[in-house]
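In what follows, a single structure is set out as structure tokens and then discussed.
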Amino acid sequence: MTDISTDIVNNTVIKRPNNSHKGTFGRVCIIGGTNNFGGAIIMASKACVYSGAGLTTTFTDSVNLSSLHTHIPEAMFVDFNDLDSIKSMLNGFDVVLIGPGLGTDENSLTILKTVFNNIQPTQKLIIDGSAITLIANHNLTLPDAKLVFTPHQMEWQRLSGIKISDQTDENNQKAVKQLNATVVVKSHHTKVYHNDDIWTNPGGTPAQATGGMGDTLAGMVAGFVAQFSDTTNAVLSAVYAHSAIADKLAEKQYVVLPTQIIEHIPEFMKANEKKTES
Ligand SMILES: NC(=O)C1=CN([C@@H]2O[C@H](COP(=O)(O)OP(=O)(O)OC[C@H]3O[C@@H](n4cnc5c(N)ncnc54)[C@H](O)[C@@H]3O)[C@@H](O)[C@H]2O)[C@@H](O)CC1
Ligand SMILES: Nc1ncnc2c1ncn2[C@@H]1O[C@H](COP(=O)(O)OP(=O)(O)O)[C@@H](O)[C@H]1O
Ligand SMILES: [Mg+2]
């Protein structure tokens with residue numbers, strides 16, 4: 001088992017090449033936000049854009065459109081009830097994140113199934129929040145794609161069948177291998193599992209215990225995975241950055257809001273970027 005360290009971030013967050021453009025830094029699709037969870041998809045989308053993804057498109061309920069664009073005009077919008085658009089557009093993205101505020105009703109299930117039926121093996125699919133609960137509730141078969149899951153302990157219990165009290169590294173690792181995925185099990189000591197490797201996140205604070213904190217992390221993971229070629233290191237760097245920013249803010253704040261973390265992502269990445277071009 002290894003602690004995630006600043007070294008991983010320093011070697012992952014590369015200096016941007018001079019001749020780059022938005023297409024260099026990945027096309028991301030973010031799907032979620034039923035009419036009562038609009039905030040979740042806005043936070044995930046904003047975190048993704050602020051992490052540096054080249055192009056971010058948010059597929060959400062149309063009731064969220066004006067608030068999405070008020071908070072993050074850089075994100076594009078598609079109505080997630082337009083299943084034909086999901087089918088025709090999905091393959092144009094390098095990274096797909098599904099789940100923040102997606103909800104667990106029949107409509108949410110239809111959207112998730114549409115994504116599963118159309119995703120390609122070369123695409124990176126990040127599965128968070130309600131999407132994890134839907135997979136567990138409906139025993140869905142996972143698609144062939146490069147999978148990353150970001151469950152909190154209760155979602156992990158639903159998906160893996162391992163009770164929170166039994167979520168040891170040994171038990172978790174067995175379940176992760178069956179999923180053939182990278183899994184971030186979020187808690188006050190977040191762990192990341194990939195094949196035989198296990199990492200512990202050394203940071204994090206109870207000041208982070210507020211709704212939307214995981215939606216923000218999911219957006220960061222999507223943004224990092226879109227830009228940095230090694231997916232596991234990109235996931236580890238996003239997990240580390242999320243809590244390192246929170247820890248810093250918590251030195252002076254009783255509670256740290258997800259939206260405050262988002263504002264500090266570009267500054268954290270600059271302070272921790274690799275010193276040479278690669
Ligand atoms: N502003 C928004 O729109 C928000 C939307 N949200 C969305 O709401 C949906 C449901 O997610 P929830 O997680 O709220 O509900 P869930 O029902 O999936 O899980 C929450 C339950 O898990 C328990 N739990 C046990 N261990 C935990 C741990 N280590 N971390 C977190 N919870 C733990 C909690 O006490 C709680 O009872 C998701 O799609 C999520 O993205 C939430 O993120 C809250 C904010
Ligand atoms: N006490 C804590 N210490 C450290 N990190 C925490 C603590 N409480 C919550 N977090 C972090 O906040 C995030 C919560 O994720 P999640 O429960 O999915 O939030 P939401 O779905 O409301 O956005 C995780 O990254 C978790 O590690
Ligand atoms: Mg969550």
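In the structure tokens, the first chain shown is A, the next is B, and so on; residue numbers restart at 1 for each chain, and ligands run from 1 in the order shown.
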
**Prompt:** Within 6 Å of ligand 2, counting only C-alpha atoms and all ligand atoms: which residues, as JSON, numbers by chain?
**Reply:** {"A": [129, 152, 186, 187, 188, 190, 204, 205, 206, 208, 209, 211, 212, 213, 214, 215]}

**Nearby polymer residues, ligand 1, at most 10 Å, only C-alpha atoms and all ligand atoms, as a PyMOL selection string** = chain A and resi 32-44+98-104+128-134+151-158+164+185-190+209-216+218+258

**Message:** Excluding region 55-58 of chain A and its own-chain neighbours fewer than 4 positions away, which residues fall within 9 Å of it when counting only C-alpha atoms? Please give them as a ChimeraX atom specification.
**Reply:** /A:22-23,25-32,41-42,45,48-49,68,74-80,223

Using the chain letters and numbers from this document, which residues of region 3-189 of chain A does DSSP assign to strand (DSSP E), as a PDB file with N, CA and C atoms, in the first residue's frame?
```
ATOM      1  N   ASP A   3       1.031   5.684   0.006  1.00  0.00           N
ATOM      2  CA  ASP A   3       0.335   6.961   0.165  1.00  0.00           C
ATOM      3  C   ASP A   3       0.392   7.733  -1.155  1.00  0.00           C
ATOM      4  N   ARG A  27     -11.936  15.982 -24.735  1.00  0.00           N
ATOM      5  CA  ARG A  27     -13.370  16.297 -24.845  1.00  0.00           C
ATOM      6  C   ARG A  27     -14.106  15.464 -23.813  1.00  0.00           C
ATOM      7  N   VAL A  28     -14.815  16.131 -22.928  1.00  0.00           N
ATOM      8  CA  VAL A  28     -15.487  15.443 -21.815  1.00  0.00           C
ATOM      9  C   VAL A  28     -16.992  15.647 -21.893  1.00  0.00           C
ATOM     10  N   CYS A  29     -17.714  14.571 -21.597  1.00  0.00           N
ATOM     11  CA  CYS A  29     -19.170  14.611 -21.536  1.00  0.00           C
ATOM     12  C   CYS A  29     -19.563  14.289 -20.092  1.00  0.00           C
ATOM     13  N   ILE A  30     -20.410  15.108 -19.504  1.00  0.00           N
ATOM     14  CA  ILE A  30     -20.805  14.927 -18.104  1.00  0.00           C
ATOM     15  C   ILE A  30     -22.318  14.776 -18.047  1.00  0.00           C
ATOM     16  N   ILE A  31     -22.788  13.659 -17.523  1.00  0.00           N
ATOM     17  CA  ILE A  31     -24.221  13.344 -17.603  1.00  0.00           C
ATOM     18  C   ILE A  31     -24.820  13.189 -16.199  1.00  0.00           C
ATOM     19  N   LEU A  55     -12.653  20.706 -23.679  1.00  0.00           N
ATOM     20  CA  LEU A  55     -14.051  20.969 -24.046  1.00  0.00           C
ATOM     21  C   LEU A  55     -14.954  20.122 -23.170  1.00  0.00           C
ATOM     22  N   THR A  56     -15.888  20.762 -22.497  1.00  0.00           N
ATOM     23  CA  THR A  56     -16.803  20.046 -21.592  1.00  0.00           C
ATOM     24  C   THR A  56     -18.235  20.250 -22.066  1.00  0.00           C
ATOM     25  N   THR A  57     -18.950  19.151 -22.239  1.00  0.00           N
ATOM     26  CA  THR A  57     -20.369  19.226 -22.621  1.00  0.00           C
ATOM     27  C   THR A  57     -21.193  18.560 -21.536  1.00  0.00           C
ATOM     28  N   THR A  58     -22.200  19.261 -21.036  1.00  0.00           N
ATOM     29  CA  THR A  58     -23.035  18.774 -19.944  1.00  0.00           C
ATOM     30  C   THR A  58     -24.377  18.296 -20.495  1.00  0.00           C
ATOM     31  N   PHE A  59     -24.668  17.031 -20.257  1.00  0.00           N
ATOM     32  CA  PHE A  59     -25.965  16.460 -20.632  1.00  0.00           C
ATOM     33  C   PHE A  59     -26.810  16.417 -19.364  1.00  0.00           C
ATOM     34  N   THR A  60     -27.849  17.256 -19.316  1.00  0.00           N
ATOM     35  CA  THR A  60     -28.646  17.336 -18.095  1.00  0.00           C
ATOM     36  C   THR A  60     -30.092  17.691 -18.426  1.00  0.00           C
ATOM     37  N   MET A  76     -20.774  23.381 -22.608  1.00  0.00           N
ATOM     38  CA  MET A  76     -21.875  23.287 -23.577  1.00  0.00           C
ATOM     39  C   MET A  76     -23.003  22.449 -22.978  1.00  0.00           C
ATOM     40  N   PHE A  77     -24.176  22.498 -23.587  1.00  0.00           N
ATOM     41  CA  PHE A  77     -25.349  21.848 -22.996  1.00  0.00           C
ATOM     42  C   PHE A  77     -26.077  20.974 -24.013  1.00  0.00           C
ATOM     43  N   VAL A  78     -26.510  19.797 -23.543  1.00  0.00           N
ATOM     44  CA  VAL A  78     -27.420  18.948 -24.324  1.00  0.00           C
ATOM     45  C   VAL A  78     -28.492  18.437 -23.352  1.00  0.00           C
ATOM     46  N   ASP A  79     -29.736  18.399 -23.811  1.00  0.00           N
ATOM     47  CA  ASP A  79     -30.831  17.862 -22.988  1.00  0.00           C
ATOM     48  C   ASP A  79     -30.653  16.343 -22.852  1.00  0.00           C
ATOM     49  N   VAL A  95     -13.712  11.228 -22.733  1.00  0.00           N
ATOM     50  CA  VAL A  95     -14.084  10.842 -21.369  1.00  0.00           C
ATOM     51  C   VAL A  95     -15.567  11.097 -21.164  1.00  0.00           C
ATOM     52  N   VAL A  96     -16.238  10.134 -20.548  1.00  0.00           N
ATOM     53  CA  VAL A  96     -17.647  10.309 -20.188  1.00  0.00           C
ATOM     54  C   VAL A  96     -17.757  10.115 -18.675  1.00  0.00           C
ATOM     55  N   LEU A  97     -18.357  11.088 -18.009  1.00  0.00           N
ATOM     56  CA  LEU A  97     -18.661  10.961 -16.574  1.00  0.00           C
ATOM     57  C   LEU A  97     -20.175  10.886 -16.441  1.00  0.00           C
ATOM     58  N   ILE A  98     -20.666   9.846 -15.787  1.00  0.00           N
ATOM     59  CA  ILE A  98     -22.108   9.745 -15.573  1.00  0.00           C
ATOM     60  C   ILE A  98     -22.413   9.502 -14.095  1.00  0.00           C
ATOM     61  N   LYS A 124     -13.013   6.372 -21.963  1.00  0.00           N
ATOM     62  CA  LYS A 124     -12.895   6.312 -20.502  1.00  0.00           C
ATOM     63  C   LYS A 124     -14.245   6.679 -19.902  1.00  0.00           C
ATOM     64  N   LEU A 125     -14.753   5.801 -19.067  1.00  0.00           N
ATOM     65  CA  LEU A 125     -16.087   6.016 -18.484  1.00  0.00           C
ATOM     66  C   LEU A 125     -15.964   6.090 -16.966  1.00  0.00           C
ATOM     67  N   ILE A 126     -16.305   7.243 -16.405  1.00  0.00           N
ATOM     68  CA  ILE A 126     -16.238   7.449 -14.956  1.00  0.00           C
ATOM     69  C   ILE A 126     -17.667   7.344 -14.414  1.00  0.00           C
ATOM     70  N   ILE A 127     -17.839   6.493 -13.425  1.00  0.00           N
ATOM     71  CA  ILE A 127     -19.188   6.208 -12.927  1.00  0.00           C
ATOM     72  C   ILE A 127     -19.269   6.623 -11.458  1.00  0.00           C
ATOM     73  N   ASP A 128     -20.192   7.547 -11.165  1.00  0.00           N
ATOM     74  CA  ASP A 128     -20.287   8.137  -9.825  1.00  0.00           C
ATOM     75  C   ASP A 128     -21.744   8.117  -9.348  1.00  0.00           C
ATOM     76  N   LYS A 146     -12.961   1.764 -20.569  1.00  0.00           N
ATOM     77  CA  LYS A 146     -11.966   1.932 -19.495  1.00  0.00           C
ATOM     78  C   LYS A 146     -12.687   2.549 -18.300  1.00  0.00           C
ATOM     79  N   LEU A 147     -12.958   1.705 -17.300  1.00  0.00           N
ATOM     80  CA  LEU A 147     -13.889   2.098 -16.231  1.00  0.00           C
ATOM     81  C   LEU A 147     -13.187   2.665 -14.988  1.00  0.00           C
ATOM     82  N   VAL A 148     -13.748   3.740 -14.463  1.00  0.00           N
ATOM     83  CA  VAL A 148     -13.329   4.298 -13.165  1.00  0.00           C
ATOM     84  C   VAL A 148     -14.603   4.490 -12.344  1.00  0.00           C
ATOM     85  N   PHE A 149     -14.635   3.943 -11.134  1.00  0.00           N
ATOM     86  CA  PHE A 149     -15.773   4.159 -10.229  1.00  0.00           C
ATOM     87  C   PHE A 149     -15.338   5.075  -9.088  1.00  0.00           C
ATOM     88  N   THR A 150     -16.250   5.963  -8.655  1.00  0.00           N
ATOM     89  CA  THR A 150     -15.936   6.847  -7.515  1.00  0.00           C
ATOM     90  C   THR A 150     -17.034   6.761  -6.444  1.00  0.00           C
ATOM     91  N   THR A 182     -10.667   0.873 -12.185  1.00  0.00           N
ATOM     92  CA  THR A 182     -10.036   1.630 -11.105  1.00  0.00           C
ATOM     93  C   THR A 182     -11.172   2.080 -10.188  1.00  0.00           C
ATOM     94  N   VAL A 183     -11.009   1.875  -8.885  1.00  0.00           N
ATOM     95  CA  VAL A 183     -12.089   2.243  -7.959  1.00  0.00           C
ATOM     96  C   VAL A 183     -11.549   3.172  -6.869  1.00  0.00           C
ATOM     97  N   VAL A 184     -12.229   4.289  -6.691  1.00  0.00           N
ATOM     98  CA  VAL A 184     -11.920   5.238  -5.613  1.00  0.00           C
ATOM     99  C   VAL A 184     -12.989   5.025  -4.544  1.00  0.00           C
ATOM    100  N   VAL A 185     -12.618   4.438  -3.408  1.00  0.00           N
ATOM    101  CA  VAL A 185     -13.590   4.249  -2.319  1.00  0.00           C
ATOM    102  C   VAL A 185     -13.431   5.441  -1.375  1.00  0.00           C
TER     103      VAL A 185
END
```

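When only C-alpha atoms are used to compute distances to Thr232 (chain A), the closest of the residues A:Phe268, A:Lys275, A:Thr122, A:Ile4 turns out to be A:Ile4.
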